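S.K.: Okay, so here is entry20.cif, and as you'll see once you scroll down, it has mmCIF, C-alpha atoms.
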data_model
#
loop_
_atom_site.label_atom_id
_atom_site.label_comp_id
_atom_site.auth_asym_id
_atom_site.auth_seq_id
_atom_site.Cartn_x
_atom_site.Cartn_y
_atom_site.Cartn_z
CA MET A 1 -16.75 -14.94 -2.30
CA SER A 2 -17.86 -18.54 -1.92
CA GLU A 3 -20.91 -19.69 0.02
CA LEU A 4 -18.59 -20.76 2.84
CA ALA A 5 -17.10 -17.27 2.97
CA GLN A 6 -20.59 -15.77 3.18
CA LEU A 7 -21.42 -18.02 6.10
CA ILE A 8 -18.20 -16.98 7.82
CA GLU A 9 -19.09 -13.32 7.26
CA GLU A 10 -22.45 -13.82 8.95
CA SER A 11 -20.87 -15.66 11.89
CA ALA A 12 -18.06 -13.14 12.33
CA SER A 13 -20.52 -10.24 12.20
CA ARG A 14 -22.49 -11.69 15.10
CA LEU A 15 -19.31 -12.08 17.14
CA PHE A 16 -17.97 -8.62 16.29
CA GLU A 17 -21.29 -6.99 17.14
CA ARG A 18 -20.95 -8.37 20.66
CA PHE A 19 -17.46 -6.91 20.85
CA SER A 20 -18.83 -3.50 19.85
CA ASP A 21 -21.25 -3.55 22.76
CA SER A 22 -18.56 -4.43 25.32
CA ASP A 23 -16.06 -2.30 27.23
CA ALA A 24 -13.15 -3.83 25.33
CA ALA A 25 -12.26 -0.58 23.53
CA LEU A 26 -12.00 1.31 26.82
CA GLU A 27 -9.89 -1.51 28.27
CA MET A 28 -7.53 -1.37 25.28
CA GLU A 29 -7.12 2.41 25.41
CA ALA A 30 -6.38 2.18 29.14
CA GLY A 31 -3.39 0.00 28.30
CA GLY A 32 -4.95 -3.39 28.95
CA PHE A 33 -5.64 -6.27 26.63
CA PRO A 34 -9.26 -7.45 26.12
CA GLU A 35 -8.41 -11.05 26.96
CA GLN A 36 -11.99 -12.32 27.05
CA THR A 37 -12.67 -10.79 23.62
CA TRP A 38 -9.50 -12.40 22.27
CA GLN A 39 -10.42 -15.82 23.68
CA GLU A 40 -13.83 -15.66 22.00
CA PHE A 41 -12.15 -14.76 18.71
CA VAL A 42 -9.75 -17.69 19.01
CA ALA A 43 -12.38 -20.14 20.25
CA ASP A 44 -14.48 -19.56 17.13
CA GLY A 45 -11.50 -20.50 14.95
CA TRP A 46 -10.92 -17.15 13.27
CA LEU A 47 -7.20 -17.11 13.99
CA THR A 48 -6.61 -19.82 11.36
CA THR A 49 -8.79 -18.26 8.65
CA MET A 50 -5.89 -17.84 6.21
CA LEU A 51 -4.30 -21.26 6.72
CA ASP A 52 -4.77 -24.14 4.30
CA GLU A 53 -7.14 -26.85 5.45
CA GLU A 54 -4.34 -29.44 5.64
CA LYS A 55 -2.59 -27.10 8.08
CA GLY A 56 -5.63 -26.80 10.32
CA GLY A 57 -7.15 -23.68 8.80
CA SER A 58 -10.30 -22.66 6.96
CA GLY A 59 -8.56 -22.59 3.59
CA LEU A 60 -9.74 -19.07 2.73
CA GLY A 61 -6.27 -17.61 2.25
CA PHE A 62 -5.43 -13.93 2.30
CA SER A 63 -8.59 -13.02 0.38
CA GLY A 64 -10.72 -14.58 3.13
CA GLY A 65 -8.58 -12.86 5.73
CA CYS A 66 -9.26 -9.50 4.09
CA LEU A 67 -13.00 -10.16 4.43
CA LEU A 68 -12.57 -10.69 8.16
CA MET A 69 -10.40 -7.57 8.41
CA ARG A 70 -13.08 -5.48 6.70
CA LEU A 71 -15.67 -6.68 9.21
CA ALA A 72 -13.30 -5.89 12.07
CA GLY A 73 -12.86 -2.38 10.68
CA TYR A 74 -16.61 -1.93 10.36
CA HIS A 75 -17.18 -2.87 14.01
CA ALA A 76 -14.03 -1.10 15.30
CA VAL A 77 -12.97 -4.36 16.97
CA PRO A 78 -10.30 -3.58 19.60
CA LEU A 79 -8.18 -6.60 18.67
CA PRO A 80 -5.18 -7.12 16.37
CA VAL A 81 -7.28 -9.03 13.84
CA ALA A 82 -5.22 -8.18 10.73
CA GLU A 83 -1.90 -8.54 12.56
CA SER A 84 -2.70 -11.90 14.18
CA LEU A 85 -4.05 -13.45 10.97
CA LEU A 86 -0.99 -12.44 8.95
CA ALA A 87 1.55 -13.34 11.65
CA ASN A 88 -0.04 -16.75 12.18
CA TYR A 89 0.00 -17.36 8.43
CA LEU A 90 3.62 -16.28 7.97
CA ALA A 91 4.86 -18.37 10.89
CA THR A 92 2.99 -21.45 9.68
CA GLU A 93 4.16 -21.07 6.08
CA ALA A 94 7.75 -20.79 7.30
CA GLY A 95 7.44 -24.09 9.15
CA PHE A 96 6.76 -22.92 12.70
CA LYS A 97 3.86 -24.38 14.65
CA PRO A 98 2.10 -21.50 16.40
CA ASN A 99 -0.57 -22.11 19.01
CA ASP A 100 -3.51 -19.90 19.98
CA GLU A 101 -1.32 -17.21 21.55
CA LEU A 102 -1.03 -13.79 19.97
CA LEU A 103 1.66 -13.34 17.32
CA VAL A 104 2.24 -10.03 15.52
CA PRO A 105 4.29 -9.31 12.39
CA ALA A 106 7.21 -6.93 11.93
CA VAL A 107 9.27 -6.28 8.80
CA LEU A 108 13.00 -5.59 9.07
CA LEU A 109 14.03 -3.58 6.02
CA GLN A 110 17.62 -2.62 6.88
CA THR A 111 20.65 -4.87 6.87
CA VAL A 112 21.62 -5.63 10.46
CA GLN A 113 25.00 -4.11 11.32
CA THR A 114 24.68 -3.73 15.08
CA LYS A 115 24.31 -6.06 18.04
CA GLN A 116 20.84 -4.74 18.77
CA VAL A 117 17.87 -4.50 16.40
CA THR A 118 15.19 -1.89 16.97
CA LEU A 119 11.84 -1.91 15.18
CA GLN A 120 9.43 1.02 15.35
CA HIS A 121 5.63 1.02 15.54
CA VAL A 122 5.21 -2.73 15.98
CA PRO A 123 1.47 -3.28 16.52
CA TRP A 124 0.38 -4.82 19.81
CA ALA A 125 3.91 -6.01 20.67
CA ARG A 126 3.44 -5.51 24.43
CA HIS A 127 0.63 -8.08 24.49
CA ALA A 128 2.10 -10.59 22.02
CA SER A 129 3.66 -13.89 23.02
CA ALA A 130 6.13 -13.38 20.15
CA VAL A 131 6.94 -11.11 17.24
CA VAL A 132 7.23 -12.69 13.79
CA VAL A 133 10.17 -10.81 12.25
CA VAL A 134 10.44 -11.05 8.46
CA PHE A 135 13.71 -10.03 6.82
CA SER A 136 15.79 -10.64 3.74
CA LYS A 137 19.05 -12.60 3.77
CA ASN A 138 21.02 -13.93 0.81
CA LYS A 139 18.22 -12.83 -1.53
CA GLN A 140 15.71 -14.98 0.34
CA THR A 141 12.90 -14.08 2.72
CA HIS A 142 13.47 -15.34 6.26
CA VAL A 143 11.17 -15.57 9.26
CA SER A 144 12.29 -15.52 12.88
CA VAL A 145 9.86 -15.83 15.79
CA ILE A 146 11.22 -13.76 18.70
CA ALA A 147 9.61 -14.64 22.03
CA ARG A 148 8.31 -11.84 24.26
CA GLU A 149 10.85 -12.57 27.02
CA ASN A 150 13.64 -11.73 24.55
CA LEU A 151 12.16 -8.35 23.67
CA SER A 152 12.58 -4.94 25.21
CA VAL A 153 9.35 -3.04 24.53
CA GLU A 154 8.77 0.69 24.80
CA TYR A 155 5.08 1.49 24.76
CA GLY A 156 3.48 3.70 22.14
CA GLN A 157 0.08 4.05 20.49
CA ASN A 158 -1.63 5.50 17.45
CA MET A 159 -4.44 8.04 17.43
CA ALA A 160 -6.99 5.27 17.93
CA GLY A 161 -5.28 4.14 21.13
CA GLU A 162 -4.05 0.92 19.51
CA PRO A 163 -0.60 -0.22 20.71
CA ARG A 164 2.25 0.72 18.38
CA ASP A 165 5.41 -0.19 20.27
CA GLU A 166 9.16 0.13 19.83
CA VAL A 167 10.80 -3.29 20.05
CA THR A 168 14.50 -4.04 20.67
CA PHE A 169 16.19 -7.45 20.66
CA ASP A 170 19.62 -9.06 20.17
CA ALA A 171 20.57 -9.40 16.51
CA ASP A 172 21.92 -12.91 17.21
CA LEU A 173 18.33 -14.13 17.57
CA LEU A 174 17.83 -13.68 13.83
CA ARG A 175 20.18 -16.61 13.25
CA TYR A 176 17.34 -18.90 14.27
CA SER A 177 15.15 -18.39 11.22
CA GLU A 178 13.34 -20.32 8.52
CA ILE A 179 13.01 -19.52 4.82
CA LEU A 180 9.65 -18.22 3.65
CA GLU A 181 8.97 -19.41 0.12
CA TYR A 182 7.04 -17.42 -2.50
CA ILE A 183 6.58 -14.26 -0.41
CA SER A 184 9.07 -11.44 -0.87
CA ILE A 185 9.48 -8.49 1.47
CA GLU A 186 7.87 -6.26 -1.16
CA LYS A 187 4.90 -8.59 -1.45
CA LEU A 188 4.47 -8.75 2.31
CA LEU A 189 4.51 -4.95 2.60
CA SER A 190 1.81 -4.74 -0.05
CA TRP A 191 -0.25 -7.36 1.81
CA LEU A 192 0.03 -5.36 5.02
CA SER A 193 -1.12 -2.30 3.10
CA LEU A 194 -4.12 -4.17 1.67
CA ALA A 195 -4.95 -5.39 5.17
CA ARG A 196 -5.18 -1.78 6.33
CA ALA A 197 -7.15 -0.78 3.22
CA SER A 198 -9.61 -3.60 3.98
CA GLN A 199 -10.06 -2.34 7.53
CA ILE A 200 -10.49 1.21 6.27
CA SER A 201 -13.18 0.12 3.80
CA GLY A 202 -15.18 -1.40 6.65
CA ALA A 203 -14.74 1.64 8.89
CA LEU A 204 -15.77 3.95 6.02
CA GLN A 205 -19.04 2.06 5.60
CA ARG A 206 -19.83 2.37 9.31
CA VAL A 207 -18.98 6.08 9.37
CA LEU A 208 -21.24 6.69 6.37
CA GLU A 209 -24.13 4.83 7.99
CA ARG A 210 -23.79 6.81 11.20
CA THR A 211 -23.56 10.09 9.29
CA VAL A 212 -26.68 9.45 7.19
CA GLU A 213 -28.60 8.27 10.26
CA PHE A 214 -27.63 11.34 12.28
CA ALA A 215 -28.41 13.75 9.42
CA ASN A 216 -31.91 12.28 9.12
CA GLU A 217 -32.55 12.53 12.87
CA ARG A 218 -30.93 15.85 13.86
CA THR A 219 -33.17 18.91 13.46
CA GLN A 220 -31.82 22.43 13.05
CA PHE A 221 -33.56 25.62 11.87
CA GLY A 222 -36.86 23.79 11.83
CA ARG A 223 -35.94 20.81 9.66
CA GLN A 224 -33.65 17.80 9.48
CA ILE A 225 -30.10 18.81 8.61
CA GLY A 226 -30.09 16.07 5.99
CA LYS A 227 -32.63 18.16 4.04
CA PHE A 228 -30.12 20.97 3.49
CA GLN A 229 -28.59 20.79 0.02
CA ALA A 230 -25.07 21.62 1.21
CA VAL A 231 -25.16 18.74 3.71
CA GLN A 232 -26.61 16.39 1.10
CA GLN A 233 -23.82 17.25 -1.32
CA GLN A 234 -21.09 16.53 1.23
CA ILE A 235 -22.64 13.23 2.27
CA ALA A 236 -23.07 12.26 -1.39
CA VAL A 237 -19.33 12.77 -1.99
CA GLN A 238 -18.61 10.81 1.19
CA ALA A 239 -20.75 7.92 -0.09
CA GLU A 240 -19.03 8.06 -3.48
CA MET A 241 -15.56 7.88 -1.94
CA THR A 242 -16.62 5.15 0.50
CA TYR A 243 -17.84 2.80 -2.19
CA ALA A 244 -14.98 3.66 -4.51
CA THR A 245 -12.76 2.31 -1.72
CA VAL A 246 -14.89 -0.81 -1.30
CA CYS A 247 -14.66 -1.45 -5.05
CA ALA A 248 -10.90 -0.81 -5.14
CA VAL A 249 -10.30 -3.21 -2.26
CA ASP A 250 -12.57 -5.85 -3.82
CA VAL A 251 -10.68 -5.67 -7.11
CA ALA A 252 -7.31 -5.87 -5.36
CA ILE A 253 -8.47 -8.97 -3.49
CA GLU A 254 -9.84 -10.55 -6.67
CA TYR A 255 -6.53 -10.12 -8.49
CA LEU A 256 -4.25 -11.42 -5.75
CA ALA A 257 -1.57 -13.72 -7.17
CA SER A 258 -1.96 -12.11 -10.60
CA PRO A 259 0.54 -9.89 -12.47
CA HIS A 260 -1.65 -6.91 -11.52
CA GLU A 261 -1.58 -7.54 -7.75
CA LYS A 262 0.97 -4.90 -6.80
CA ASP A 263 -0.58 -2.07 -8.83
CA LEU A 264 -4.13 -2.82 -7.71
CA ILE A 265 -3.13 -2.93 -4.05
CA ALA A 266 -1.48 0.46 -4.55
CA CYS A 267 -4.72 1.78 -6.05
CA ALA A 268 -6.71 0.37 -3.13
CA LYS A 269 -4.51 2.01 -0.48
CA ILE A 270 -4.48 5.33 -2.36
CA THR A 271 -8.28 5.33 -2.67
CA ALA A 272 -8.73 4.26 0.95
CA GLY A 273 -6.39 6.94 2.28
CA GLU A 274 -8.06 9.73 0.33
CA ALA A 275 -11.51 8.57 1.38
CA ALA A 276 -10.51 8.26 5.04
CA GLY A 277 -9.60 11.93 5.28
CA TYR A 278 -12.73 13.19 3.56
CA ALA A 279 -15.12 10.83 5.36
CA ALA A 280 -13.80 11.67 8.82
CA LYS A 281 -13.94 15.40 8.09
CA THR A 282 -17.48 15.25 6.73
CA ALA A 283 -18.80 12.95 9.45
CA HIS A 284 -17.57 15.22 12.22
CA ALA A 285 -18.87 18.32 10.43
CA VAL A 286 -22.34 16.76 10.27
CA HIS A 287 -22.26 15.45 13.85
CA ALA A 288 -20.67 18.61 15.32
CA ALA A 289 -19.44 18.38 18.92
CA ILE A 290 -21.16 15.13 19.86
CA GLY A 291 -19.08 13.21 17.34
CA PHE A 292 -15.91 13.86 19.35
CA THR A 293 -17.27 12.68 22.70
CA GLN A 294 -16.08 9.39 24.16
CA GLU A 295 -19.66 8.26 24.75
CA TYR A 296 -20.58 8.56 21.08
CA PRO A 297 -19.14 5.72 18.95
CA LEU A 298 -18.31 7.75 15.82
CA GLN A 299 -14.85 8.60 17.13
CA LEU A 300 -13.97 4.90 17.44
CA SER A 301 -14.14 4.66 13.66
CA THR A 302 -12.77 8.06 12.66
CA ARG A 303 -9.70 7.82 14.89
CA ARG A 304 -8.96 4.49 13.26
CA LEU A 305 -9.36 6.05 9.82
CA TRP A 306 -6.87 8.79 10.67
CA SER A 307 -4.42 6.22 12.03
CA TRP A 308 -4.74 3.47 9.44
CA ARG A 309 -4.44 5.76 6.40
CA ASP A 310 -0.77 6.39 7.27
CA GLU A 311 0.21 2.86 8.29
CA TYR A 312 2.14 0.73 5.76
CA GLY A 313 2.35 3.65 3.38
CA ASN A 314 0.02 6.62 2.99
CA GLU A 315 -1.69 7.59 -0.26
CA ALA A 316 1.17 9.86 -1.35
CA GLN A 317 3.77 7.11 -0.90
CA TRP A 318 1.70 4.54 -2.77
CA ALA A 319 0.89 7.06 -5.52
CA ALA A 320 4.63 7.59 -6.03
CA LYS A 321 5.18 3.82 -6.27
CA LEU A 322 2.33 3.47 -8.74
CA GLY A 323 3.77 6.31 -10.80
CA GLU A 324 7.17 4.62 -10.86
CA ASN A 325 5.54 1.41 -12.08
CA CYS A 326 3.84 3.33 -14.88
CA MET A 327 7.13 4.93 -15.91
CA ASP A 328 8.70 1.47 -16.16
CA LEU A 329 6.09 0.18 -18.60
CA GLU A 330 7.42 -1.36 -21.77
CA THR A 331 4.57 0.20 -23.77
CA ASP A 332 4.07 3.88 -24.56
CA ASN A 333 0.32 3.44 -24.59
CA LEU A 334 -0.56 4.24 -20.98
CA TRP A 335 -4.29 4.47 -21.70
CA GLN A 336 -4.36 0.96 -23.18
CA TRP A 337 -2.49 -0.35 -20.14
CA LEU A 338 -5.00 1.30 -17.80
CA THR A 339 -8.09 0.09 -19.64
CA THR A 340 -6.88 -3.49 -20.03
CA HIS A 341 -5.25 -3.82 -16.63
CA THR A 342 -7.92 -6.19 -15.32
CA GLY A 343 -9.41 -7.27 -18.62
#
Rewrite the coordinates I just gave you, this time as structure tokens.
M.R.:
Amino acid sequence: MSELAQLIEESASRLFERFSDSDAALEMEAGGFPEQTWQEFVADGWLTTMLDEEKGGSGLGFSGGCLLMRLAGYHAVPLPVAESLLANYLATEAGFKPNDELLVPAVLLQTVQTKQVTLQHVPWARHASAVVVVFSKNKQTHVSVIARENLSVEYGQNMAGEPRDEVTFDADLLRYSEILEYISIEKLLSWLSLARASQISGALQRVLERTVEFANERTQFGRQIGKFQAVQQQIAVQAEMTYATVCAVDVAIEYLASPHEKDLIACAKITAGEAAGYAAKTAHAVHAAIGFTQEYPLQLSTRRLWSWRDEYGNEAQWAAKLGENCMDLETDNLWQWLTTHTG
């Protein structure tokens, strides 16, 4: 990352740390929206991180957005950071002029054949001013911004308490759309997956830090539990999988807009999903009962890990896609393809 990106990371970390110390997570899980937290996020200019400078943004693109998403995952920020950044970017690139209100993205995969369109598991839809619906028409990617007053929303949530709503609207509203150049539906789905992998990588780092800290403080049978070889071995594997995820996400970000983008994003989401399951299991085994209590912050991260690993494709689904890509290779030398993939 550039020096500017490093400065942004430092600034965002200070802001997100304040969020972690607030009651915003409890407010979100109670069904409310942490409006003050959102206003601070917007006031500091983070909403336009991905936009080009000539369009009023920071010019950091999706790679810079992923950095911010990782930090949000690390601090378990109870805001739609990934969703708002991507929705704002998509709407702007399609020619809309969004303001500082919350937009969230939704992908319509099926051809519309009914008068009503229903989308499942739309993140934070109940609190959004509009949903940015991306769909394919006449072999082109289209974007339609559907205002909240035109939506029927049925509330739902994931294991972390984050809103995941069912949205219904009139199909006629899709007629008012703009063409989105250079971004296919497949590419957008992979970007959403990398956004989740970025958040997971941050959450994994925080879970590992808490686990090591607790193991070095908690005493059982006359010594710190971190001194027991069995515990050390489990935490060592957790650390290995955590930083394998960080590396996989970093490589996927580095090779955005390259011929290897799709495969490397698949690798990142696979690695992140596998690590999420092991890290959450190990962290709670080390912490025992206290790790599940509402007062102890570990569960803020582990519930997000369990939720995010399945969103926008779990590791099994992405492994199948990666396998299909390998089967379609023009060369019979799979090993050479693997070893030169990012050469």
S.K.: Considering all atoms listed in the file, tabulate each residue of stretch 141-175 of chain A that lies at most 10 Å from stretch 119-125 of chain A along with its nearest interatomic pair and the corresponding distance in Å to one decimal; arrange the rows by chain and ascending residue number and present them as JSON lines.
M.R.:
{"residue": "A:Arg148", "atom": "CA", "partner": "A:Ala125", "partner_atom": "CA", "distance": 8.1}
{"residue": "A:Leu151", "atom": "CA", "partner": "A:Ala125", "partner_atom": "CA", "distance": 9.1}
{"residue": "A:Ser152", "atom": "CA", "partner": "A:Ala125", "partner_atom": "CA", "distance": 9.8}
{"residue": "A:Val153", "atom": "CA", "partner": "A:Ala125", "partner_atom": "CA", "distance": 7.3}
{"residue": "A:Glu154", "atom": "CA", "partner": "A:Ala125", "partner_atom": "CA", "distance": 9.3}
{"residue": "A:Tyr155", "atom": "CA", "partner": "A:Ala125", "partner_atom": "CA", "distance": 8.6}
{"residue": "A:Gly156", "atom": "CA", "partner": "A:His121", "partner_atom": "CA", "distance": 7.4}
{"residue": "A:Gln157", "atom": "CA", "partner": "A:His121", "partner_atom": "CA", "distance": 8.0}
{"residue": "A:Asn158", "atom": "CA", "partner": "A:His121", "partner_atom": "CA", "distance": 8.7}
{"residue": "A:Glu162", "atom": "CA", "partner": "A:Trp124", "partner_atom": "CA", "distance": 7.3}
{"residue": "A:Pro163", "atom": "CA", "partner": "A:Trp124", "partner_atom": "CA", "distance": 4.8}
{"residue": "A:Arg164", "atom": "CA", "partner": "A:His121", "partner_atom": "CA", "distance": 4.4}
{"residue": "A:Asp165", "atom": "CA", "partner": "A:His121", "partner_atom": "CA", "distance": 4.9}
{"residue": "A:Glu166", "atom": "CA", "partner": "A:Gln120", "partner_atom": "CA", "distance": 4.6}
{"residue": "A:Val167", "atom": "CA", "partner": "A:Leu119", "partner_atom": "CA", "distance": 5.2}
{"residue": "A:Thr168", "atom": "CA", "partner": "A:Leu119", "partner_atom": "CA", "distance": 6.5}
{"residue": "A:Phe169", "atom": "CA", "partner": "A:Leu119", "partner_atom": "CA", "distance": 8.9}
S.K.: Give me, as a list in words, all polymer residues having an atom no more than 8 Å from stretch 49-61 of chain A, counting all atoms listed in the file and skipping those fewer than 5 positions away in the same chain.
M.R.: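 Near stretch 49-61 of chain A, the qualifying residues are Ala5, Leu85, Leu86, Tyr89 and Thr92 of chain A.
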S.K.: Leaving out A:Glu315 and any residue of its chain fewer than 3 positions from it, which residues lie within 8 Å of it when counting all atoms listed in the file, given as a list in words?
M.R.: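 Close residues of A:Glu315: Lys269, Ile270, Thr271, Ala272, Gly273, Glu274, Arg309, Asp310, Trp318 and Ala319 of chain A.
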S.K.: So how far away is atom CA of A:Val132 from atom CA of A:Ile8, in Å?
M.R.: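 It comes out at 26.5 Å.
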S.K.: Hey, which of A:Ala94, A:Ala266, A:Ala283, A:Leu192 ends up closest to A:Leu208? Count only C-alpha atoms.
M.R.: A:Ala283
S.K.: Using the chain letters and residue numbers of this document, give as an MDAnalysis selection string the residues selected by the PyMOL selection byres ((chain A and resi 81-84) around 6).
M.R.: chainID A and resid 69 79:80 85:88 103:104
S.K.: Evaluating the PyMOL selection byres ((chain A and resi 308) around 10) on the displayed file yields which residues, as number ranges by chain?
M.R.: A: 158-160, 193, 195-197, 199-200, 272-273, 276, 302-307, 309-314
S.K.: Which residue is closest to A:Gln205? Choose from A:Ala25, A:Ala171, A:Val134, A:Ala275 and count only C-alpha atoms.
M.R.: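 Ranking A:Ala25, A:Ala171, A:Val134, A:Ala275 by distance to A:Gln205, first place goes to A:Ala275.
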S.K.: Of the residues A:Leu329, A:Ala130, A:Ala230, A:Leu194, which is the one nearest to A:Asn150, using all atoms listed in the file?
M.R.: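 Among the listed residues, the smallest separation from A:Asn150 belongs to A:Ala130.
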S.K.: Check which residues satisfy the PyMOL selection byres ((chain A and resi 74) around 7) in the file shown, then give them as a list in words.
M.R.: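 Taken on the displayed file, the PyMOL selection byres ((chain A and resi 74) around 7) yields the residues Arg70, Leu71, Ala72, Gly73, His75, Ala76, Gly202, Ala203, Gln205 and Arg206 of chain A.
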S.K.: Hey, which of A:Ile146, A:Ala280, A:Leu68, A:Val77 ends up closest to A:Tyr176? Count only C-alpha atoms.
M.R.: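 Of A:Ile146, A:Ala280, A:Leu68, A:Val77, the one nearest A:Tyr176 is A:Ile146, counting only C-alpha atoms.
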S.K.: Just to confirm, what's the straight-line distance from atom CA of A:Leu298 to atom CA of A:Val212 in Å (one decimal)?
M.R.: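 Separation of atom CA of A:Leu298 and atom CA of A:Val212: 12.1 Å.
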S.K.: Please complete stretch 118-125 of chain A so it has all heavy atoms, and hand it over as a PDB file, keeping the file's coordinate frame.
M.R.:
ATOM      1  N   THR A 118      16.328  -2.646  16.475  1.00  0.00           N
ATOM      2  CA  THR A 118      15.190  -1.890  16.970  1.00  0.00           C
ATOM      3  C   THR A 118      14.173  -1.708  15.846  1.00  0.00           C
ATOM      4  O   THR A 118      14.523  -1.278  14.746  1.00  0.00           O
ATOM      5  CB  THR A 118      15.610  -0.510  17.499  1.00  0.00           C
ATOM      6  OG1 THR A 118      16.506  -0.687  18.599  1.00  0.00           O
ATOM      7  CG2 THR A 118      14.404   0.286  17.977  1.00  0.00           C
ATOM      8  N   LEU A 119      12.933  -2.053  16.134  1.00  0.00           N
ATOM      9  CA  LEU A 119      11.840  -1.910  15.180  1.00  0.00           C
ATOM     10  C   LEU A 119      10.808  -0.939  15.751  1.00  0.00           C
ATOM     11  O   LEU A 119      10.424  -1.048  16.921  1.00  0.00           O
ATOM     12  CB  LEU A 119      11.184  -3.263  14.903  1.00  0.00           C
ATOM     13  CG  LEU A 119      12.088  -4.323  14.270  1.00  0.00           C
ATOM     14  CD1 LEU A 119      11.372  -5.668  14.246  1.00  0.00           C
ATOM     15  CD2 LEU A 119      12.491  -3.913  12.865  1.00  0.00           C
ATOM     16  N   GLN A 120      10.372  -0.007  14.915  1.00  0.00           N
ATOM     17  CA  GLN A 120       9.430   1.020  15.350  1.00  0.00           C
ATOM     18  C   GLN A 120       7.989   0.626  15.009  1.00  0.00           C
ATOM     19  O   GLN A 120       7.733  -0.076  14.040  1.00  0.00           O
ATOM     20  CB  GLN A 120       9.754   2.353  14.659  1.00  0.00           C
ATOM     21  CG  GLN A 120      11.183   2.824  14.814  1.00  0.00           C
ATOM     22  CD  GLN A 120      11.445   3.446  16.179  1.00  0.00           C
ATOM     23  OE1 GLN A 120      10.508   3.778  16.903  1.00  0.00           O
ATOM     24  NE2 GLN A 120      12.709   3.611  16.519  1.00  0.00           N
ATOM     25  N   HIS A 121       7.071   1.113  15.817  1.00  0.00           N
ATOM     26  CA  HIS A 121       5.630   1.020  15.540  1.00  0.00           C
ATOM     27  C   HIS A 121       5.165  -0.422  15.298  1.00  0.00           C
ATOM     28  O   HIS A 121       4.377  -0.697  14.393  1.00  0.00           O
ATOM     29  CB  HIS A 121       5.250   1.888  14.331  1.00  0.00           C
ATOM     30  CG  HIS A 121       5.734   3.293  14.436  1.00  0.00           C
ATOM     31  ND1 HIS A 121       5.320   4.156  15.437  1.00  0.00           N
ATOM     32  CD2 HIS A 121       6.616   3.992  13.660  1.00  0.00           C
ATOM     33  CE1 HIS A 121       5.910   5.326  15.273  1.00  0.00           C
ATOM     34  NE2 HIS A 121       6.707   5.253  14.226  1.00  0.00           N
ATOM     35  N   VAL A 122       5.652  -1.342  16.095  1.00  0.00           N
ATOM     36  CA  VAL A 122       5.210  -2.730  15.980  1.00  0.00           C
ATOM     37  C   VAL A 122       3.846  -2.849  16.667  1.00  0.00           C
ATOM     38  O   VAL A 122       3.708  -2.546  17.854  1.00  0.00           O
ATOM     39  CB  VAL A 122       6.210  -3.695  16.647  1.00  0.00           C
ATOM     40  CG1 VAL A 122       5.694  -5.135  16.537  1.00  0.00           C
ATOM     41  CG2 VAL A 122       7.579  -3.564  15.996  1.00  0.00           C
ATOM     42  N   PRO A 123       2.820  -3.272  15.943  1.00  0.00           N
ATOM     43  CA  PRO A 123       1.470  -3.280  16.520  1.00  0.00           C
ATOM     44  C   PRO A 123       1.293  -4.348  17.599  1.00  0.00           C
ATOM     45  O   PRO A 123       1.674  -5.508  17.402  1.00  0.00           O
ATOM     46  CB  PRO A 123       0.580  -3.576  15.296  1.00  0.00           C
ATOM     47  CG  PRO A 123       1.473  -4.284  14.336  1.00  0.00           C
ATOM     48  CD  PRO A 123       2.833  -3.706  14.542  1.00  0.00           C
ATOM     49  N   TRP A 124       0.788  -3.927  18.736  1.00  0.00           N
ATOM     50  CA  TRP A 124       0.380  -4.820  19.810  1.00  0.00           C
ATOM     51  C   TRP A 124       1.534  -5.655  20.389  1.00  0.00           C
ATOM     52  O   TRP A 124       1.306  -6.694  21.016  1.00  0.00           O
ATOM     53  CB  TRP A 124      -0.733  -5.769  19.345  1.00  0.00           C
ATOM     54  CG  TRP A 124      -1.973  -5.074  18.908  1.00  0.00           C
ATOM     55  CD1 TRP A 124      -2.215  -4.521  17.678  1.00  0.00           C
ATOM     56  CD2 TRP A 124      -3.162  -4.844  19.681  1.00  0.00           C
ATOM     57  NE1 TRP A 124      -3.470  -3.964  17.635  1.00  0.00           N
ATOM     58  CE2 TRP A 124      -4.070  -4.156  18.853  1.00  0.00           C
ATOM     59  CE3 TRP A 124      -3.543  -5.176  20.985  1.00  0.00           C
ATOM     60  CZ2 TRP A 124      -5.340  -3.775  19.291  1.00  0.00           C
ATOM     61  CZ3 TRP A 124      -4.811  -4.794  21.421  1.00  0.00           C
ATOM     62  CH2 TRP A 124      -5.696  -4.109  20.585  1.00  0.00           C
ATOM     63  N   ALA A 125       2.758  -5.205  20.242  1.00  0.00           N
ATOM     64  CA  ALA A 125       3.910  -6.010  20.670  1.00  0.00           C
ATOM     65  C   ALA A 125       3.877  -6.295  22.173  1.00  0.00           C
ATOM     66  O   ALA A 125       4.272  -7.376  22.621  1.00  0.00           O
ATOM     67  CB  ALA A 125       5.203  -5.290  20.298  1.00  0.00           C
TER      68      ALA A 125
END
